[in-house]
Each structure stands twice: as structure tokens, then as C-alpha cells.
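Before any comments, here is the structure.
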Amino acid sequence: MASSLSKQQRRRAGFAYLMIAPGVLLLVVFTFYPIVYGLPLAFTNYSALDATKWIGLSNFRRAFADPDFYTALRNSLLYVVVVPVIQLLAILMAVLVNTKLRFVGLFRVAYFVPVVTSMVAAAIAWKWMYEEQGILNYILRSLGLIRHGIAFMVEPKLALAGVMLVTIWKGLGYYMMIYLAGLQSIPGELQEAARIDGANRWQVVRRITIPLLMPFVLLCSLLSVMGAIRVFDEIFVMHGPKGDPVNSTLVASVYTYKVAFQDFDFGYAAAIGLVVAVIILAFSLVLFRYTRKGGLTYYE
């Protein structure tokens with residue numbers, strides 16, 4: 001019996017490995033290999049025509065003396081503002097759709113529609129809405145709030161915030177579904193026992209729901225931080241690689257693209273990417289430090 005079970009377990013494990021093999025292969029080819037190849041590239045003066053020269057830390061010294069890189073890095077770090085906003089709204093929405101309301105299934109679908117919408121299509125639609133003759137200015141004029149159209153796409157103080165709004169709108173449903181799964185995984189007995197002991201609703205949320213939801217907060221925060229620092233699609237579609245004249249929408253990923261595929265300076269682009277990767281790692285370590293406790297083991 002033990003031998004039969006062991007053979008069955010090996011068969012199941014082999015089938016599981018077979019199923020994940022295509023995904024692992026894609027991950028190795030399109031993620032791990034570029035990372036391994038890009039690390040030494042950051043220390044070279046890469047040339048597709050002449051011999052590639054090893055230049056040590058010159059690319060990094062150049063980066064920290066480059067005002068455009070500082071602007072791009074500042075905007076990328078400023079973009080992290082979307083993380084607490086989108087996480088808080090996602091948790092609130094998850095709590096809302098976790099209740100027994102009429103048409104709650106319809107609400108869940110409506111919130112998730114932006115997630116499955118192409119970012120290119122969404123960015124084009126939002127770009128049209130932000131135009132001076134777009135629907136947003138039309139609504140504001142109809143309400144009597146403005147007399148003349150606002151140049152949302154050009155105004156330096158509004159351009160980056162406008163793209164942040166697109167990111168929040170696009171990702172809200174995705175994180176909401178993760179938090180909804182987290183809320184539904186919390187045993188109802190714990191909350192019921194707390195109420196029997198005299199805990200009010202806020203105490204149940206603070207003492208039961210939030211601690212047990214922390215693993216999901218960590219996951220969503222990590223994904224959101226990485227996405228915010230590496231934001232590319234919406235900015236590239238709405239503002240292009242050049243951005244606006246004062247670089248208010250220039251972020252690190254777009255600047256890396258410009259350096260690599262417009263200036264063909266691949267070594268410098270790899271150095272910029274490595275700096276951004278280190279910053280993402282630092283944010284990740286901070287998140288692990290402050291959100292590592294939680295989950296069902298929190299009460300064991």
C-alpha cells in the first residue's frame with residue numbers, strides 16, 4: 001500500500017512539474033536570463049558594432065550626475081504615493097462586496113472590469129478624457145466649476161497625478177479580489193467569539209480582521225510598490241517617451257527605455273535598471289519588516 005501510494009505521489013508530482021514547466025521556461029528566458037545578462041552589462045560601454053569595453057562604475061557615476069535621471073527617479077518615488085491609496089480603497093471595497101447585498105455579484109464584476117481591460121486601450125480612453133475638449137472638462141464646465149478647459153495632460157502639477165489616477169482605477173479591482181479572498185478565508189468563529197466577549201465592530205476589525213489580513217496586505221503592497229516604481233505602459237501611451245517639456249511625467253522605466261532604445265546606450269540603461277532594482281529591494285525589505293506578522297498563526 002505504501003509503495004502504491006509512493007508511486008502515485010511521484011506520478012502526481014511529475015504531472016505537476018510538467019504543468020509548470022512552460023511557465024518556468026518563459027520565466028527563465030524572459031526574466032532570469034535578462035537579469036543575469038544585464039548585471040555585467042551595467043559595468044560596460046556596450047556597442048553593437050565595436051568591442052564592448054569594461055568601464056567599471058562609470059555608468060553609475062554618470063547616473064548620479066545626470067539631472068534627467070534624478071528627475072525620473074524622483075517621479076518614480078513620488079509615484080509610490082498610489083500604493084497606500086490603492087490599498088486602502090481596495091480593502092474598503094473588499095469589505096463592501098464581502099457583505100450580503102443585492103446585486104453584489106454585479107458589483108464585483110463591475111469593479112474587476114478595468115483589470116481585464118487592456119492598459120493601452122484604457123490609457124488612450126483616459127487621454128481622450130483629459131483633453132481640453134474631453135469629457136472631463138465638459139463635465140466641469142457643465143457644472144460651472146471652470147470657464148476654460150484645463151490642460152490636464154500638459155500642466156506639470158496635474159500630468160503625473162492624472163496618470164496615477166489611471167493606475168489606481170486600473171488596479172483597484174485586482175487588489176480588491178485578493179483582499180476579498182483574504183476576508184473570506186478568516187474563520188467566522190473568531191469574529192463571533194470576539195462579539196460574544198463584548199468586542200464592538202471596530203475592535204473586531206482591529207484585533208481580528210486586520211492582523212489576519214496582514215499576509216494579503218504584504219503581498220498586495222509588494223506588488224503595488226513594484227508596479228508603481230516600474231510604471232511604464234500608461235505613461236508611455238499617454239505622454240510618449242519624451243514626456244512633457246518639463247519632464248513632470250518622466251519616470252525611471254521610461255527614461256531607461258529612452259536611453260536604451262533611442263540613444264542605444266545599453267550599458268547606461270542597464271545601470272539605471274540596476275539602481276531601480278536596488279530601490280525596489282529596499283522598499284520590499286521595509287515592507288517585510290513591518291508587515292511580516294499576521295495570518296492565522298498570529299493567534300496560535
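In the C-alpha cells, chains take the letters A, B, ... in the order shown, each chain's residues start at 1, and ligands count up from 1 in the order shown.
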
Using only C-alpha atoms, what does the table of region 75-101 of chain A residues within 7 Å of region 208-228 of chain A look like, with each row giving the shortest atom pair and its distance in Å to one decimal, sorted by chain and ascending number, as JSON lines?
{"residue": "A:Tyr79", "atom": "CA", "partner": "A:Ala228", "partner_atom": "CA", "distance": 5.8}
{"residue": "A:Val80", "atom": "CA", "partner": "A:Ala228", "partner_atom": "CA", "distance": 5.5}
{"residue": "A:Val83", "atom": "CA", "partner": "A:Ser224", "partner_atom": "CA", "distance": 5.8}

Would you mind exporting the chosen residues as a CSV table (one decimal), in the first residue's frame, restricted to N, CA, C and O atoms?
chain,number,residue,atom,x,y,z
A,79,TYR,N,5.6,58.4,-7.4
A,79,TYR,CA,4.5,57.5,-7.8
A,79,TYR,C,4.1,56.5,-6.8
A,79,TYR,O,3.0,56.0,-6.9
A,80,VAL,N,5.0,56.2,-5.8
A,80,VAL,CA,4.7,55.3,-4.8
A,80,VAL,C,3.5,55.8,-3.9
A,80,VAL,O,2.9,55.0,-3.2
A,83,VAL,N,0.4,53.7,-3.7
A,83,VAL,CA,0.3,52.4,-3.0
A,83,VAL,C,-0.6,52.5,-1.8
A,83,VAL,O,-1.6,51.7,-1.8

All helix (DSSP H, G or I) positions in region 52-257 of chain A, as number ranges by chain: A: 58-63, 67-79, 82-97, 104-116, 119-130, 135-142, 156-185, 188-196, 201-229, 233-239, 252-257

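Note that the spacing between CA of Ala159 (chain A) and CA of Met176 (chain A) amounts to 26.2 Å.
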
I'd like the neighbourhood of Thr44 (chain A) as a list in words, where a residue qualifies if any of its atoms comes within 9 Å (using only C-alpha atoms), though same-chain residues fewer than 2 positions away should be ignored. Pro40, Leu41, Ala42, Tyr46, Thr52, Lys53, Trp54, Ile55, Gly56, Leu57, Ser58, Asn59, Phe266, Gly267 and Tyr268 of chain A

Could you name the residues that touch Val163 (chain A) at 10 Å or less, counting only C-alpha atoms, but leaving out those on the same chain fewer than 5 positions away, as an mmCIF file with N, CA, C and O atoms, in the first residue's frame?
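The resulting file, part.cif, is shown below:
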data_model
loop_
_atom_site.group_PDB
_atom_site.id
_atom_site.type_symbol
_atom_site.label_atom_id
_atom_site.label_comp_id
_atom_site.auth_asym_id
_atom_site.auth_seq_id
_atom_site.Cartn_x
_atom_site.Cartn_y
_atom_site.Cartn_z
ATOM 1 N N TYR A 79 5.606 58.386 -7.374
ATOM 2 C CA TYR A 79 4.513 57.530 -7.847
ATOM 3 C C TYR A 79 4.092 56.502 -6.810
ATOM 4 O O TYR A 79 2.982 55.965 -6.861
ATOM 5 N N ALA A 123 -5.494 53.604 -21.325
ATOM 6 C CA ALA A 123 -4.701 54.836 -21.346
ATOM 7 C C ALA A 123 -5.166 55.773 -22.459
ATOM 8 O O ALA A 123 -5.231 56.995 -22.271
ATOM 9 N N TRP A 126 -8.451 57.351 -21.261
ATOM 10 C CA TRP A 126 -8.208 58.384 -20.258
ATOM 11 C C TRP A 126 -7.533 59.604 -20.879
ATOM 12 O O TRP A 126 -7.813 60.745 -20.476
ATOM 13 N N LYS A 127 -6.661 59.388 -21.821
ATOM 14 C CA LYS A 127 -6.017 60.513 -22.505
ATOM 15 C C LYS A 127 -7.052 61.362 -23.218
ATOM 16 O O LYS A 127 -6.988 62.600 -23.181
ATOM 17 N N PHE A 152 -4.997 69.066 -18.571
ATOM 18 C CA PHE A 152 -4.550 68.038 -17.635
ATOM 19 C C PHE A 152 -3.299 67.322 -18.118
ATOM 20 O O PHE A 152 -2.468 66.906 -17.315
ATOM 21 N N MET A 153 -3.147 67.190 -19.439
ATOM 22 C CA MET A 153 -2.026 66.445 -19.985
ATOM 23 C C MET A 153 -0.741 67.261 -20.041
ATOM 24 O O MET A 153 0.343 66.707 -20.198
ATOM 25 N N LEU A 158 -0.447 68.582 -12.705
ATOM 26 C CA LEU A 158 -1.574 67.673 -12.885
ATOM 27 C C LEU A 158 -1.235 66.457 -13.733
ATOM 28 O O LEU A 158 -1.923 65.433 -13.640
ATOM 29 N N ILE A 168 -4.574 53.776 -10.380
ATOM 30 C CA ILE A 168 -5.488 53.409 -9.293
ATOM 31 C C ILE A 168 -6.750 52.775 -9.853
ATOM 32 O O ILE A 168 -7.200 51.720 -9.382
ATOM 33 N N TRP A 169 -7.321 53.395 -10.865
ATOM 34 C CA TRP A 169 -8.547 52.876 -11.479
ATOM 35 C C TRP A 169 -8.323 51.494 -12.063
ATOM 36 O O TRP A 169 -9.160 50.601 -11.932
ATOM 37 N N VAL A 231 6.344 51.645 -13.249
ATOM 38 C CA VAL A 231 5.236 52.045 -14.117
ATOM 39 C C VAL A 231 5.771 52.480 -15.481
ATOM 40 O O VAL A 231 6.751 53.207 -15.591
ATOM 41 N N GLU A 234 1.114 53.095 -18.993
ATOM 42 C CA GLU A 234 0.208 54.239 -19.028
ATOM 43 C C GLU A 234 0.933 55.545 -19.341
ATOM 44 O O GLU A 234 0.422 56.392 -20.078
ATOM 45 N N ILE A 235 2.136 55.707 -18.820
ATOM 46 C CA ILE A 235 2.888 56.933 -19.103
ATOM 47 C C ILE A 235 3.366 56.949 -20.551
ATOM 48 O O ILE A 235 3.300 57.982 -21.232
ATOM 49 N N MET A 238 0.248 57.600 -22.803
ATOM 50 C CA MET A 238 -0.378 58.909 -22.639
ATOM 51 C C MET A 238 0.559 60.070 -22.933
ATOM 52 O O MET A 238 0.125 61.129 -23.395
ATOM 53 N N HIS A 239 1.858 59.890 -22.672
ATOM 54 C CA HIS A 239 2.790 61.004 -22.839
ATOM 55 C C HIS A 239 3.969 60.706 -23.758
ATOM 56 O O HIS A 239 4.704 61.621 -24.119
ATOM 57 N N THR A 249 6.382 63.939 -16.136
ATOM 58 C CA THR A 249 5.907 62.554 -16.205
ATOM 59 C C THR A 249 7.035 61.590 -16.574
ATOM 60 O O THR A 249 6.774 60.423 -16.876
#

Write out as a ChimeraX atom specification the residues lying within 8 Å of Val254 (chain A), counting only C-alpha atoms and excluding same-chain residues fewer than 2 positions away. /A:232,235-236,241,250-252,256-258

Expected answer as a list in words: strand (DSSP E or B) residues in region 24-131 of chain A: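 Restricting region 24-131 of chain A to strand (DSSP E or B) produces Thr44, Asn45, Lys53 and Trp54 of chain A.
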
Export C-alpha atoms of the chosen residues as a short mmCIF file (atom, residue, chain, number, x, y, z; two decimals), in the first residue's frame?
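After the write, out-v8.cif holds the following:
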data_model
loop_
_atom_site.label_atom_id
_atom_site.label_comp_id
_atom_site.auth_asym_id
_atom_site.auth_seq_id
_atom_site.Cartn_x
_atom_site.Cartn_y
_atom_site.Cartn_z
CA THR A 44 30.37 48.11 -19.66
CA ASN A 45 30.22 50.55 -22.53
CA LYS A 53 34.57 47.80 -23.08
CA TRP A 54 34.59 47.23 -19.32
#
